[in-house]
file run-v5.txt (compact mmCIF, C-alpha atoms)
# COMPACT_ATOMS: atom_id res chain seq x y z
CA MET A 1 -82.86 25.90 81.48
CA SER A 2 -80.28 24.42 79.18
CA VAL A 3 -77.87 26.37 77.02
CA HIS A 4 -79.58 24.96 73.97
CA LEU A 5 -82.94 26.42 75.01
CA ILE A 6 -81.36 29.78 75.86
CA LEU A 7 -79.72 29.94 72.43
CA PHE A 8 -82.98 28.92 70.76
CA LEU A 9 -84.83 31.69 72.58
CA ALA A 10 -82.15 34.28 71.77
CA PHE A 11 -82.11 33.49 68.03
CA GLY A 12 -85.89 33.16 68.04
CA ALA A 13 -86.25 36.59 69.63
CA VAL A 14 -84.09 38.10 66.87
CA CYS A 15 -86.23 36.30 64.26
CA VAL A 16 -89.49 37.56 65.76
CA ALA A 17 -88.17 41.10 66.18
CA GLY A 18 -86.93 41.19 62.60
CA ALA A 19 -90.19 39.82 61.19
CA VAL A 20 -92.28 42.33 63.15
CA ASN A 21 -89.90 45.12 62.13
CA LEU A 22 -90.37 44.14 58.47
CA LEU A 23 -94.10 44.75 58.94
CA ALA A 24 -93.62 47.98 60.89
CA GLN A 25 -91.08 49.73 58.67
CA ARG A 26 -92.33 51.91 55.85
CA HIS A 27 -89.07 52.23 53.94
CA PRO A 28 -88.05 49.16 51.89
CA ILE A 29 -84.36 49.41 52.80
CA ASN A 30 -85.23 49.10 56.51
CA GLY A 31 -87.38 46.09 55.67
CA ALA A 32 -84.50 44.53 53.74
CA LEU A 33 -82.10 45.01 56.65
CA SER A 34 -84.52 43.47 59.15
CA LEU A 35 -85.03 40.53 56.76
CA ILE A 36 -81.24 40.02 56.71
CA ALA A 37 -81.33 39.92 60.52
CA VAL A 38 -84.09 37.28 60.39
CA MET A 39 -82.07 35.16 57.96
CA ALA A 40 -78.87 35.40 60.00
CA ALA A 41 -80.73 34.39 63.16
CA LEU A 42 -82.33 31.50 61.27
CA ALA A 43 -78.84 30.30 60.35
CA GLY A 44 -78.18 30.12 64.09
CA GLU A 45 -81.32 28.04 64.56
CA TYR A 46 -80.15 25.66 61.83
CA LEU A 47 -76.82 25.25 63.65
CA LEU A 48 -78.72 24.34 66.81
CA LEU A 49 -80.55 21.66 64.81
CA GLY A 50 -77.25 20.24 63.58
CA ALA A 51 -77.69 21.42 59.99
CA GLU A 52 -74.25 22.97 59.57
CA PHE A 53 -74.20 23.07 55.80
CA VAL A 54 -77.72 24.49 55.56
CA ALA A 55 -76.69 27.22 58.02
CA ALA A 56 -73.66 28.14 55.93
CA VAL A 57 -75.66 28.17 52.70
CA GLN A 58 -78.38 30.22 54.42
CA VAL A 59 -75.83 32.95 55.21
CA ILE A 60 -74.06 32.80 51.84
CA VAL A 61 -77.01 32.42 49.47
CA TYR A 62 -79.97 33.94 51.32
CA ALA A 63 -78.47 36.66 53.52
CA GLY A 64 -75.70 37.22 51.02
CA ALA A 65 -76.72 36.83 47.40
CA ILE A 66 -80.51 37.16 47.38
CA MET A 67 -80.66 40.08 49.80
CA VAL A 68 -77.87 41.90 47.93
CA LEU A 69 -80.08 41.57 44.85
CA PHE A 70 -82.96 43.14 46.80
CA VAL A 71 -80.82 45.98 48.16
CA PHE A 72 -79.45 46.65 44.68
CA THR A 73 -82.97 46.86 43.25
CA ILE A 74 -84.10 49.19 46.04
CA MET A 75 -81.16 51.49 45.36
CA LEU A 76 -81.49 51.20 41.58
CA LEU A 77 -85.15 52.20 41.62
CA ASN A 78 -84.57 54.80 44.35
CA ALA A 79 -87.52 53.41 46.30
CA GLY A 80 -88.84 55.89 48.79
CA VAL A 81 -91.11 55.67 51.80
CA GLU A 82 -94.21 53.61 51.17
CA GLU A 83 -97.34 55.58 50.45
CA ARG A 84 -100.16 55.15 52.88
CA THR A 85 -103.39 54.08 51.25
CA LYS A 86 -106.82 54.09 52.78
CA ASP A 87 -107.30 51.02 54.92
CA SER A 88 -110.37 48.94 54.36
CA ARG A 89 -112.49 48.96 57.50
CA VAL A 90 -114.04 45.54 56.82
CA ALA A 91 -110.56 44.06 56.45
CA ILE A 92 -109.49 45.44 59.84
CA LEU A 93 -112.70 44.39 61.59
CA LEU A 94 -112.55 40.86 60.22
CA GLY A 95 -108.81 40.47 59.83
CA VAL A 96 -107.43 41.34 63.27
CA PRO A 97 -109.74 38.99 65.26
CA GLY A 98 -109.32 36.36 62.55
CA VAL A 99 -105.53 36.49 62.76
CA LEU A 100 -105.60 36.34 66.58
CA LEU A 101 -108.04 33.42 66.56
CA GLY A 102 -106.07 31.53 63.93
CA GLY A 103 -102.76 32.15 65.69
CA VAL A 104 -104.06 30.98 69.06
CA LEU A 105 -105.66 27.91 67.46
CA VAL A 106 -102.56 26.89 65.52
CA GLY A 107 -100.28 27.52 68.52
CA TRP A 108 -102.52 25.50 70.79
CA VAL A 109 -102.80 22.58 68.38
CA VAL A 110 -99.04 22.49 67.73
CA LEU A 111 -98.06 22.79 71.38
CA ARG A 112 -100.66 20.28 72.50
CA HIS A 113 -100.49 17.58 69.88
CA SER A 114 -96.96 17.50 68.50
CA GLY A 115 -94.73 15.43 70.74
CA THR A 116 -92.86 17.14 73.53
CA GLU A 117 -89.89 15.02 72.60
CA ALA A 118 -86.88 17.29 72.49
CA VAL A 119 -84.70 17.78 69.44
CA PRO A 120 -81.12 17.19 70.59
CA ALA A 121 -78.37 19.43 69.28
CA GLY A 122 -76.39 17.92 66.44
CA ALA A 123 -78.35 14.68 66.46
CA LEU A 124 -78.25 14.51 62.68
CA PRO A 125 -75.03 14.69 60.62
CA GLY A 126 -75.73 17.74 58.45
CA ASP A 127 -72.15 18.18 57.28
CA PRO A 128 -71.34 18.92 53.61
CA ALA A 129 -70.09 15.39 52.86
CA THR A 130 -73.31 13.67 53.95
CA ILE A 131 -75.51 16.25 52.26
CA GLY A 132 -73.44 15.98 49.08
CA GLN A 133 -73.76 12.19 49.03
CA LEU A 134 -77.52 12.47 49.30
CA LEU A 135 -77.79 15.33 46.81
CA PHE A 136 -75.72 13.64 44.09
CA HIS A 137 -77.15 10.15 44.48
CA GLU A 138 -80.71 10.06 45.68
CA PHE A 139 -81.68 13.56 44.53
CA LEU A 140 -79.65 13.70 41.32
CA LEU A 141 -82.62 14.19 38.99
CA PRO A 142 -84.20 17.06 40.99
CA PHE A 143 -80.73 18.60 41.23
CA GLU A 144 -80.31 18.54 37.45
CA ILE A 145 -83.81 19.94 36.96
CA THR A 146 -83.00 22.87 39.27
CA SER A 147 -79.96 23.65 37.12
CA VAL A 148 -82.30 23.97 34.12
CA LEU A 149 -84.60 26.16 36.24
CA ILE A 150 -81.71 28.46 37.17
CA LEU A 151 -80.66 28.71 33.52
CA ILE A 152 -84.20 29.68 32.47
CA ALA A 153 -84.39 32.19 35.35
CA ILE A 154 -81.11 33.82 34.27
CA MET A 155 -82.32 34.15 30.68
CA GLY A 156 -85.67 35.48 31.86
CA ALA A 157 -84.02 38.08 34.08
CA VAL A 158 -81.76 39.24 31.26
CA VAL A 159 -84.67 39.49 28.82
CA LEU A 160 -86.95 41.31 31.29
CA ALA A 161 -84.47 43.71 32.86
CA GLY A 162 -82.24 44.26 29.85
CA LYS A 163 -82.36 47.29 27.61
CA PRO A 164 -85.57 47.78 25.61
CA ALA A 165 -85.39 45.56 22.56
CA THR A 166 -84.71 47.12 19.22
CA SER A 167 -86.93 46.08 16.35
CA PRO A 168 -85.42 44.83 13.08
CA ALA A 169 -86.04 48.23 11.51
CA GLY A 170 -83.72 49.72 14.12
CA LYS A 171 -86.41 51.66 15.97
CA VAL A 172 -86.48 51.42 19.73
CA GLU A 173 -89.68 49.74 20.83
CA GLU A 174 -91.59 51.29 23.68
CA MET B 1 -83.07 20.37 74.48
CA VAL B 2 -85.79 22.24 72.66
CA PRO B 3 -89.14 20.58 71.86
CA LEU B 4 -90.05 20.31 68.20
CA SER B 5 -93.21 22.31 68.82
CA TYR B 6 -91.17 25.43 69.71
CA TYR B 7 -89.53 25.33 66.31
CA LEU B 8 -92.91 24.83 64.64
CA VAL B 9 -94.43 27.80 66.49
CA LEU B 10 -91.50 30.03 65.46
CA SER B 11 -91.78 28.77 61.88
CA GLY B 12 -95.52 29.43 61.86
CA PHE B 13 -95.01 32.92 63.27
CA LEU B 14 -92.50 33.79 60.55
CA PHE B 15 -94.87 32.44 57.89
CA ALA B 16 -97.76 34.44 59.36
CA CYS B 17 -95.65 37.61 59.36
CA GLY B 18 -94.88 36.94 55.71
CA VAL B 19 -98.57 36.52 54.86
CA ALA B 20 -99.45 39.69 56.79
CA GLY B 21 -96.73 41.67 55.02
CA PHE B 22 -97.86 40.31 51.67
CA LEU B 23 -101.40 41.51 52.36
CA ILE B 24 -100.86 44.88 54.05
CA LYS B 25 -97.76 46.23 52.30
CA ARG B 26 -98.13 48.48 49.28
CA ASN B 27 -94.56 48.61 48.04
CA ILE B 28 -93.96 45.86 45.51
CA ILE B 29 -90.39 45.22 46.75
CA THR B 30 -91.58 44.82 50.35
CA ILE B 31 -94.27 42.41 49.16
CA PHE B 32 -91.52 40.41 47.51
CA MET B 33 -89.48 40.37 50.72
CA SER B 34 -92.55 39.08 52.58
CA ILE B 35 -92.59 36.11 50.20
CA GLU B 36 -88.96 35.43 51.10
CA LEU B 37 -89.92 35.56 54.77
CA MET B 38 -92.61 32.93 54.16
CA LEU B 39 -90.09 30.67 52.40
CA ASN B 40 -87.71 31.06 55.34
CA GLY B 41 -90.42 30.06 57.79
CA VAL B 42 -91.10 26.91 55.76
CA ASN B 43 -87.37 26.12 55.62
CA LEU B 44 -87.16 26.22 59.40
CA SER B 45 -89.91 23.63 59.75
CA PHE B 46 -88.19 21.46 57.10
CA VAL B 47 -84.95 21.43 59.10
CA ALA B 48 -86.76 20.93 62.41
CA PHE B 49 -88.68 17.92 61.07
CA ALA B 50 -85.49 16.53 59.53
CA ALA B 51 -83.82 16.63 62.94
CA HIS B 52 -86.91 15.25 64.66
CA TRP B 53 -87.35 12.20 62.45
CA HIS B 54 -83.67 11.71 61.59
CA VAL B 55 -84.30 11.96 57.86
CA LEU B 56 -81.68 14.00 56.07
CA ALA B 57 -83.91 14.52 53.03
CA GLY B 58 -85.49 17.47 54.84
CA GLN B 59 -82.22 19.36 54.71
CA VAL B 60 -81.78 18.59 51.02
CA PHE B 61 -85.25 19.98 50.38
CA VAL B 62 -84.15 23.26 51.94
CA PHE B 63 -81.62 23.57 49.13
CA PHE B 64 -84.29 23.12 46.52
CA VAL B 65 -86.41 25.75 48.23
CA MET B 66 -83.41 28.09 48.21
CA VAL B 67 -82.78 27.47 44.52
CA VAL B 68 -86.41 28.22 43.68
CA ALA B 69 -86.24 31.32 45.88
CA ALA B 70 -83.12 32.50 44.08
CA ALA B 71 -84.71 31.97 40.66
CA GLU B 72 -87.87 33.68 41.85
CA ALA B 73 -85.89 36.66 43.20
CA ALA B 74 -83.97 37.06 39.95
CA VAL B 75 -87.03 36.93 37.71
CA GLY B 76 -89.26 38.87 40.11
CA LEU B 77 -86.83 41.73 40.57
CA ALA B 78 -86.37 41.90 36.80
CA ILE B 79 -90.16 42.16 36.47
CA ILE B 80 -90.19 44.90 39.13
CA ILE B 81 -87.55 46.86 37.21
CA SER B 82 -89.54 46.41 34.02
CA VAL B 83 -92.76 47.56 35.74
CA TYR B 84 -91.00 50.58 37.19
CA ARG B 85 -89.69 51.50 33.75
CA THR B 86 -93.14 51.61 32.20
CA ARG B 87 -95.28 52.77 35.17
CA GLU B 88 -92.73 54.79 37.17
CA THR B 89 -94.27 53.66 40.45
CA LEU B 90 -93.65 50.88 42.96
CA ASN B 91 -97.09 51.15 44.57
CA VAL B 92 -99.13 48.07 43.68
CA ASP B 93 -102.38 50.05 43.92
CA ARG B 94 -101.28 52.13 40.95
CA VAL B 95 -100.33 49.17 38.82
CA ASN B 96 -103.89 48.42 37.76
CA LEU B 97 -103.84 48.39 33.97
CA LEU B 98 -103.23 45.23 31.97
CA LYS B 99 -101.97 47.24 29.02
CA LEU B 100 -100.71 50.79 28.81

call {"tool": "encode", "arguments": {"input": "run-v5.txt", "output": "structure tokens"}}
result
Amino acid sequence: MSVHLILFLAFGAVCVAGAVNLLAQRHPINGALSLIAVMAALAGEYLLLGAEFVAAVQVIVYAGAIMVLFVFTIMLLNAGVEERTKDSRVAILLGVPGVLLGGVLVGWVVLRHSGTEAVPAGALPGDPATIGQLLFHEFLLPFEITSVLILIAIMGAVVLAGKPATSPAGKVEE
Amino acid sequence: MVPLSYYLVLSGFLFACGVAGFLIKRNIITIFMSIELMLNGVNLSFVAFAAHWHVLAGQVFVFFVMVVAAAEAAVGLAIIISVYRTRETLNVDRVNLLKL
């Protein structure tokens, strides 16, 4: 058993545990923390695949910025423990066997038919310089379009979450 | 040396957990986090395929997925705040009116 496989299994175990914990927890803040664990472990998996820059951005943007936004919203809205609603019996009867069947089928197909060829560690140069070259030459147009998307998202967030708009007459709209 | 299929199984498991959370959770913020989990699962398969076929474009695509996820989180959380302001609940079962 190589070190690479041991590291893959260790990070994968953290990922699986975090994802299952997200489903099991009833309080959103616990879910958010387990999601941060999943994202941090995924950054480790990216490092194993040689994607250094993606791993760094995963920690900074995903585990850092996006999850801070989630935690802020949870605290801002004072979200409490999730209410339990009545479970649909048909959904349980059909859903649980369906999920098991689908999972086994997908796992079997993937393990059987995708090549057993191993992915060597660091086989691909995923350093910032190479990624930057690609991003600013080949993918320049998509990159510029995403900047427009981010701008629209910022304006949308400000409009939606800002204070209730005041009408021209000066009355506060409900 | 880890076979590509291991990465794909892990990626599929994360995606499936995201789908399950999306369907069974009742808190709108947790539903949103399940969507993020799905996006993360997809990102892992992007990076794994990029390493497998030696095409760096897969890693660049992860950035675009992250950008869309960030935009989605910003707008979605703003919508959640707006919903909470008018409905005063985070339970999706209680948000059932198109207009108040």

call {"tool": "residues_around", "arguments": {"input": "run-v5.txt", "residues": "Leu10 in chain B", "least_positions_apart": "4", "cutoff": "12 Å", "atoms": "all atoms listed in the file", "output": "mmCIF file with C-alpha atoms, keeping the file's coordinate frame"}}
result
data_model
loop_
_atom_site.group_PDB
_atom_site.id
_atom_site.type_symbol
_atom_site.label_atom_id
_atom_site.label_comp_id
_atom_site.auth_asym_id
_atom_site.auth_seq_id
_atom_site.Cartn_x
_atom_site.Cartn_y
_atom_site.Cartn_z
ATOM 1 C CA PHE A 8 -82.980 28.920 70.760
ATOM 2 C CA LEU A 9 -84.830 31.690 72.580
ATOM 3 C CA PHE A 11 -82.110 33.490 68.030
ATOM 4 C CA GLY A 12 -85.890 33.160 68.040
ATOM 5 C CA ALA A 13 -86.250 36.590 69.630
ATOM 6 C CA VAL A 14 -84.090 38.100 66.870
ATOM 7 C CA CYS A 15 -86.230 36.300 64.260
ATOM 8 C CA VAL A 16 -89.490 37.560 65.760
ATOM 9 C CA ALA A 17 -88.170 41.100 66.180
ATOM 10 C CA ALA A 19 -90.190 39.820 61.190
ATOM 11 C CA VAL A 38 -84.090 37.280 60.390
ATOM 12 C CA ALA A 41 -80.730 34.390 63.160
ATOM 13 C CA LEU A 42 -82.330 31.500 61.270
ATOM 14 C CA GLU A 45 -81.320 28.040 64.560
ATOM 15 C CA GLY A 103 -102.760 32.150 65.690
ATOM 16 C CA VAL A 106 -102.560 26.890 65.520
ATOM 17 C CA GLY A 107 -100.280 27.520 68.520
ATOM 18 C CA VAL A 110 -99.040 22.490 67.730
ATOM 19 C CA LEU A 111 -98.060 22.790 71.380
ATOM 20 C CA PRO B 3 -89.140 20.580 71.860
ATOM 21 C CA LEU B 4 -90.050 20.310 68.200
ATOM 22 C CA SER B 5 -93.210 22.310 68.820
ATOM 23 C CA TYR B 6 -91.170 25.430 69.710
ATOM 24 C CA LEU B 14 -92.500 33.790 60.550
ATOM 25 C CA PHE B 15 -94.870 32.440 57.890
ATOM 26 C CA ALA B 16 -97.760 34.440 59.360
ATOM 27 C CA CYS B 17 -95.650 37.610 59.360
ATOM 28 C CA MET B 38 -92.610 32.930 54.160
ATOM 29 C CA ASN B 40 -87.710 31.060 55.340
ATOM 30 C CA GLY B 41 -90.420 30.060 57.790
ATOM 31 C CA VAL B 42 -91.100 26.910 55.760
ATOM 32 C CA ASN B 43 -87.370 26.120 55.620
ATOM 33 C CA LEU B 44 -87.160 26.220 59.400
ATOM 34 C CA SER B 45 -89.910 23.630 59.750
ATOM 35 C CA ALA B 48 -86.760 20.930 62.410
#

call {"tool": "residues_near_point", "arguments": {"input": "run-v5.txt", "point": "(-99.7, 48.9, 50.7)", "cutoff": "7 Å", "atoms": "only C-alpha atoms", "output": "JSON, numbers by chain"}}
result
{"A": [84, 85], "B": [24, 25, 26, 27]}

call {"tool": "closest_residue", "arguments": {"input": "run-v5.txt", "among": "A:Glu144, A:Ala63, A:Leu134, A:Leu100", "to": "chain B", "atoms": "all atoms listed in the file"}}
result
A:Leu134

call {"tool": "closest_residue", "arguments": {"input": "run-v5.txt", "among": "A:Leu151, A:Val61, A:Val109, A:Ala51", "to": "Val55 in chain B", "atoms": "all atoms listed in the file"}}
result
A:Ala51

call {"tool": "interface_residues", "arguments": {"input": "run-v5.txt", "of": "chain B", "to": "chain A", "cutoff": "6 Å", "atoms": "only C-alpha atoms", "output": "short mmCIF file (atom, residue, chain, number, x, y, z; two decimals) with C-alpha atoms, keeping the file's coordinate frame"}}
result
data_model
loop_
_atom_site.label_atom_id
_atom_site.label_comp_id
_atom_site.auth_asym_id
_atom_site.auth_seq_id
_atom_site.Cartn_x
_atom_site.Cartn_y
_atom_site.Cartn_z
CA MET B 1 -83.07 20.37 74.48
CA VAL B 2 -85.79 22.24 72.66
CA PRO B 3 -89.14 20.58 71.86
CA SER B 5 -93.21 22.31 68.82
CA GLY B 21 -96.73 41.67 55.02
CA ASN B 27 -94.56 48.61 48.04
CA THR B 30 -91.58 44.82 50.35
CA ALA B 51 -83.82 16.63 62.94
CA HIS B 52 -86.91 15.25 64.66
CA ALA B 71 -84.71 31.97 40.66
CA ALA B 74 -83.97 37.06 39.95
CA VAL B 75 -87.03 36.93 37.71
CA ALA B 78 -86.37 41.90 36.80
CA SER B 82 -89.54 46.41 34.02
#

call {"tool": "build_atoms", "arguments": {"input": "run-v5.txt", "residues": "range 23-39 of chain B", "atoms": "N, CA, C and O atoms", "output": "short mmCIF file (atom, residue, chain, number, x, y, z; two decimals), keeping the file's coordinate frame"}}
result
data_model
loop_
_atom_site.label_atom_id
_atom_site.label_comp_id
_atom_site.auth_asym_id
_atom_site.auth_seq_id
_atom_site.Cartn_x
_atom_site.Cartn_y
_atom_site.Cartn_z
N LEU B 23 -100.06 40.95 52.51
CA LEU B 23 -101.40 41.51 52.36
C LEU B 23 -101.44 43.01 52.64
O LEU B 23 -102.18 43.74 51.99
N ILE B 24 -100.68 43.48 53.65
CA ILE B 24 -100.86 44.88 54.05
C ILE B 24 -99.86 45.82 53.40
O ILE B 24 -100.09 47.02 53.36
N LYS B 25 -98.76 45.32 52.86
CA LYS B 25 -97.76 46.23 52.30
C LYS B 25 -98.19 46.70 50.91
O LYS B 25 -98.86 45.97 50.19
N ARG B 26 -97.77 47.91 50.57
CA ARG B 26 -98.13 48.48 49.28
C ARG B 26 -96.95 48.61 48.35
O ARG B 26 -97.12 48.85 47.16
N ASN B 27 -95.75 48.51 48.89
CA ASN B 27 -94.56 48.61 48.04
C ASN B 27 -94.25 47.23 47.47
O ASN B 27 -94.18 46.25 48.21
N ILE B 28 -94.08 47.16 46.17
CA ILE B 28 -93.96 45.86 45.51
C ILE B 28 -92.69 45.13 45.96
O ILE B 28 -92.68 43.89 46.08
N ILE B 29 -91.62 45.87 46.29
CA ILE B 29 -90.39 45.22 46.75
C ILE B 29 -90.59 44.62 48.14
O ILE B 29 -90.14 43.51 48.43
N THR B 30 -91.32 45.36 49.00
CA THR B 30 -91.58 44.82 50.35
C THR B 30 -92.47 43.59 50.28
O THR B 30 -92.29 42.65 51.05
N ILE B 31 -93.42 43.60 49.36
CA ILE B 31 -94.27 42.41 49.16
C ILE B 31 -93.40 41.21 48.78
O ILE B 31 -93.57 40.10 49.29
N PHE B 32 -92.43 41.48 47.93
CA PHE B 32 -91.52 40.41 47.51
C PHE B 32 -90.70 39.89 48.68
O PHE B 32 -90.48 38.68 48.81
N MET B 33 -90.26 40.81 49.56
CA MET B 33 -89.48 40.37 50.72
C MET B 33 -90.36 39.56 51.68
O MET B 33 -89.86 38.65 52.35
N SER B 34 -91.65 39.87 51.74
CA SER B 34 -92.55 39.08 52.58
C SER B 34 -92.62 37.64 52.08
O SER B 34 -92.70 36.70 52.89
N ILE B 35 -92.59 37.47 50.75
CA ILE B 35 -92.59 36.11 50.20
C ILE B 35 -91.34 35.37 50.64
O ILE B 35 -91.39 34.19 51.03
N GLU B 36 -90.20 36.06 50.63
CA GLU B 36 -88.96 35.43 51.10
C GLU B 36 -89.08 35.03 52.56
O GLU B 36 -88.57 33.98 52.97
N LEU B 37 -89.74 35.88 53.35
CA LEU B 37 -89.92 35.56 54.77
C LEU B 37 -90.76 34.29 54.94
O LEU B 37 -90.45 33.43 55.77
N MET B 38 -91.79 34.15 54.11
CA MET B 38 -92.61 32.93 54.16
C MET B 38 -91.77 31.71 53.83
O MET B 38 -91.84 30.67 54.52
N LEU B 39 -90.93 31.81 52.78
CA LEU B 39 -90.09 30.67 52.40
C LEU B 39 -89.13 30.31 53.53
O LEU B 39 -88.88 29.13 53.79
#
